[in-house]
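Structure record follows, encoded as structure tokens.
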Amino acid sequence: MKHPIPHDLDRPLARRATRAALDTYRVRFAAYSPFGRWTSLDRAEIGFQAAGQTLQGTVEVGEDAVELDLEVPLLLRPFRKLAVEAIEKEVQIWIERAKAGELPETEDDADTEELVRG
């Protein structure tokens, strides 16, 4: 099920904010072995470990929302909401930083190499 995270940024700035958010998430929640790979300018495949299970999904930057789609194994479905909330919170923090002009310098948007390493 897709979960939209609304934004009012232009797409390149939303893309930079989302990349920064996922990179920060990787560091903050290292205990969950988060991983990800940007497969296009606007889409990343992501995942992490919890309770011996792997959760995987996608993040896609759209014109007015970042869409999170997280596949959760049956045993971990009660924790889906917590996982989505944690990712959403990080994206929202970076959207606000983008609005305030506080984004760090990043690679060119044409770079689709792995930005979230696990």
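Each chain of the structure tokens is named A, B, ... in the order shown, its residues numbered from 1; ligands are numbered from 1 in display order.
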(request) Give me every helix (DSSP H, G or I) residue in range 24-72 of chain A, going by DSSP on the backbone, as a PyMOL selection string. (result) chain A and resi 24-28+30-32
(message) Env of Leu74 in chain A: 12 Å cut, atoms = only C-alpha atoms, seq-sep filter 3 positions within chain, self excluded. Answer as a PyMOL selection string.
(response) chain A and resi 53-55+71+77-80
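Counting from CA of Asp42 in chain A, the distance to CA of Asp23 in chain A is 14.9 Å.
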(message) One number please: CA of Glu96 in chain A to CA of Ala83 in chain A, in Å, one decimal.
(response)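 According to the coordinates, CA of Glu96 in chain A and CA of Ala83 in chain A are separated by 20.4 Å.
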(request) Find the residues near Thr24 in chain A: any atom within 10 Å, counting only C-alpha atoms, skip ones fewer than 3 places away on the same chain, and give them as JSON, numbers by chain. (result) {"A": [18, 19, 20, 21, 27, 28, 29, 30, 90, 91, 94, 116]}
(request) Considering only C-alpha atoms, state which residue in the set A:Gln49, A:Arg43, A:Ala98, A:Gly36 is at the smallest distance from Gly62 in chain A. (result)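 Result for the nearest residue to Gly62 in chain A: A:Arg43.
Closest approach to Ile95 in chain A from the set A:Val61, A:Ile5, A:Ala17, A:Ala44 is made by A:Ala17, with distances taken over only C-alpha atoms.
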(request) May I have the residues within 10 Å of Asp69 in chain A as a list in words, using only C-alpha atoms and disregarding those fewer than 3 positions away in the same chain? (result)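 Skipping anything fewer than 3 positions along the chain leaves Met1, Lys2, His3, Pro4, Glu45, Ile46, Gln56, Gly57, Thr58, Val59, Glu60, Val66, Val72 and Val84 of chain A.
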Deliver the residues from the most recent selection as a file, using N, CA and C atoms, as an mmCIF file, in the first residue's frame.
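Contents of selection24.cif, freshly written:
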```cif
data_model
loop_
_atom_site.group_PDB
_atom_site.id
_atom_site.type_symbol
_atom_site.label_atom_id
_atom_site.label_comp_id
_atom_site.auth_asym_id
_atom_site.auth_seq_id
_atom_site.Cartn_x
_atom_site.Cartn_y
_atom_site.Cartn_z
ATOM 1 N N MET A 1 0.826 -1.165 0.000
ATOM 2 C CA MET A 1 0.000 0.000 0.000
ATOM 3 C C MET A 1 0.889 1.253 0.000
ATOM 4 N N LYS A 2 0.607 2.174 -0.911
ATOM 5 C CA LYS A 2 1.411 3.389 -1.005
ATOM 6 C C LYS A 2 0.996 4.398 0.059
ATOM 7 N N HIS A 3 2.005 5.071 0.586
ATOM 8 C CA HIS A 3 1.785 6.091 1.607
ATOM 9 C C HIS A 3 2.384 7.400 1.085
ATOM 10 N N PRO A 4 1.545 8.392 0.762
ATOM 11 C CA PRO A 4 2.074 9.664 0.251
ATOM 12 C C PRO A 4 2.570 10.563 1.388
ATOM 13 N N GLU A 45 14.853 1.816 -4.394
ATOM 14 C CA GLU A 45 14.445 0.578 -3.738
ATOM 15 C C GLU A 45 15.100 0.593 -2.373
ATOM 16 N N ILE A 46 14.313 0.353 -1.327
ATOM 17 C CA ILE A 46 14.831 0.449 0.039
ATOM 18 C C ILE A 46 14.488 -0.806 0.826
ATOM 19 N N GLN A 56 11.059 -4.604 2.604
ATOM 20 C CA GLN A 56 11.509 -3.959 1.377
ATOM 21 C C GLN A 56 10.410 -3.091 0.811
ATOM 22 N N GLY A 57 10.811 -2.130 0.012
ATOM 23 C CA GLY A 57 9.829 -1.265 -0.612
ATOM 24 C C GLY A 57 10.482 -0.294 -1.559
ATOM 25 N N THR A 58 9.724 0.737 -1.900
ATOM 26 C CA THR A 58 10.216 1.770 -2.803
ATOM 27 C C THR A 58 9.854 3.141 -2.254
ATOM 28 N N VAL A 59 10.641 4.108 -2.667
ATOM 29 C CA VAL A 59 10.363 5.515 -2.425
ATOM 30 C C VAL A 59 10.396 6.169 -3.794
ATOM 31 N N GLU A 60 9.353 6.938 -4.109
ATOM 32 C CA GLU A 60 9.288 7.596 -5.409
ATOM 33 C C GLU A 60 8.932 9.064 -5.217
ATOM 34 N N VAL A 66 6.071 12.507 -1.972
ATOM 35 C CA VAL A 66 7.028 11.404 -1.999
ATOM 36 C C VAL A 66 6.202 10.186 -1.608
ATOM 37 N N VAL A 72 5.659 -5.540 3.862
ATOM 38 C CA VAL A 72 5.959 -6.004 5.214
ATOM 39 C C VAL A 72 5.508 -7.457 5.361
ATOM 40 N N VAL A 84 6.713 3.147 8.696
ATOM 41 C CA VAL A 84 6.291 4.222 7.790
ATOM 42 C C VAL A 84 6.428 5.574 8.483
#
```
(request) Go through chain A and collect every residue that DSSP, computed from the backbone, puts in strand (DSSP E or B); the answer should be as a PyMOL selection string. (result) chain A and resi 2-6+35-38+43-50+53-61+65-71
Print the selection's residues with C-alpha atoms to a file, as a PDB file, in the first residue's frame.
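Okay, this is what ended up in part19.pdb:
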```pdb
ATOM      1  CA  LYS A   2       1.411   3.389  -1.005  1.00  0.00           C
ATOM      2  CA  HIS A   3       1.785   6.091   1.607  1.00  0.00           C
ATOM      3  CA  PRO A   4       2.074   9.664   0.251  1.00  0.00           C
ATOM      4  CA  ILE A   5       4.239  12.228   2.034  1.00  0.00           C
ATOM      5  CA  PRO A   6       3.051  15.582   0.648  1.00  0.00           C
ATOM      6  CA  PHE A  35      19.823  -0.416   2.542  1.00  0.00           C
ATOM      7  CA  GLY A  36      18.750   1.205  -0.674  1.00  0.00           C
ATOM      8  CA  ARG A  37      19.616   1.981  -4.231  1.00  0.00           C
ATOM      9  CA  TRP A  38      18.410   4.748  -6.512  1.00  0.00           C
ATOM     10  CA  ARG A  43      12.817   6.094  -7.505  1.00  0.00           C
ATOM     11  CA  ALA A  44      14.758   4.165  -4.874  1.00  0.00           C
ATOM     12  CA  GLU A  45      14.445   0.578  -3.738  1.00  0.00           C
ATOM     13  CA  ILE A  46      14.831   0.449   0.039  1.00  0.00           C
ATOM     14  CA  GLY A  47      14.786  -2.050   2.861  1.00  0.00           C
ATOM     15  CA  PHE A  48      15.861  -2.870   6.377  1.00  0.00           C
ATOM     16  CA  GLN A  49      15.962  -5.735   8.874  1.00  0.00           C
ATOM     17  CA  ALA A  50      13.677  -6.120  11.890  1.00  0.00           C
ATOM     18  CA  GLN A  53      12.865 -10.343   8.759  1.00  0.00           C
ATOM     19  CA  THR A  54      13.602  -8.097   5.777  1.00  0.00           C
ATOM     20  CA  LEU A  55      11.221  -5.287   4.922  1.00  0.00           C
ATOM     21  CA  GLN A  56      11.509  -3.959   1.377  1.00  0.00           C
ATOM     22  CA  GLY A  57       9.829  -1.265  -0.612  1.00  0.00           C
ATOM     23  CA  THR A  58      10.216   1.770  -2.803  1.00  0.00           C
ATOM     24  CA  VAL A  59      10.363   5.515  -2.425  1.00  0.00           C
ATOM     25  CA  GLU A  60       9.288   7.596  -5.409  1.00  0.00           C
ATOM     26  CA  VAL A  61       9.545  11.377  -5.698  1.00  0.00           C
ATOM     27  CA  ALA A  65       4.346  13.930  -2.829  1.00  0.00           C
ATOM     28  CA  VAL A  66       7.028  11.404  -1.999  1.00  0.00           C
ATOM     29  CA  GLU A  67       5.366   7.994  -2.193  1.00  0.00           C
ATOM     30  CA  LEU A  68       6.510   5.260   0.159  1.00  0.00           C
ATOM     31  CA  ASP A  69       5.477   1.699  -0.643  1.00  0.00           C
ATOM     32  CA  LEU A  70       6.656  -0.775   1.993  1.00  0.00           C
ATOM     33  CA  GLU A  71       6.163  -4.537   1.730  1.00  0.00           C
TER      34      GLU A  71
END
```
(request) Have a look at CA of Lys99 in chain A and CA of Asp8 in chain A and let me know their distance in Å, one decimal. (result)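 Spanning CA of Lys99 in chain A to CA of Asp8 in chain A is a straight-line distance of 8.9 Å.
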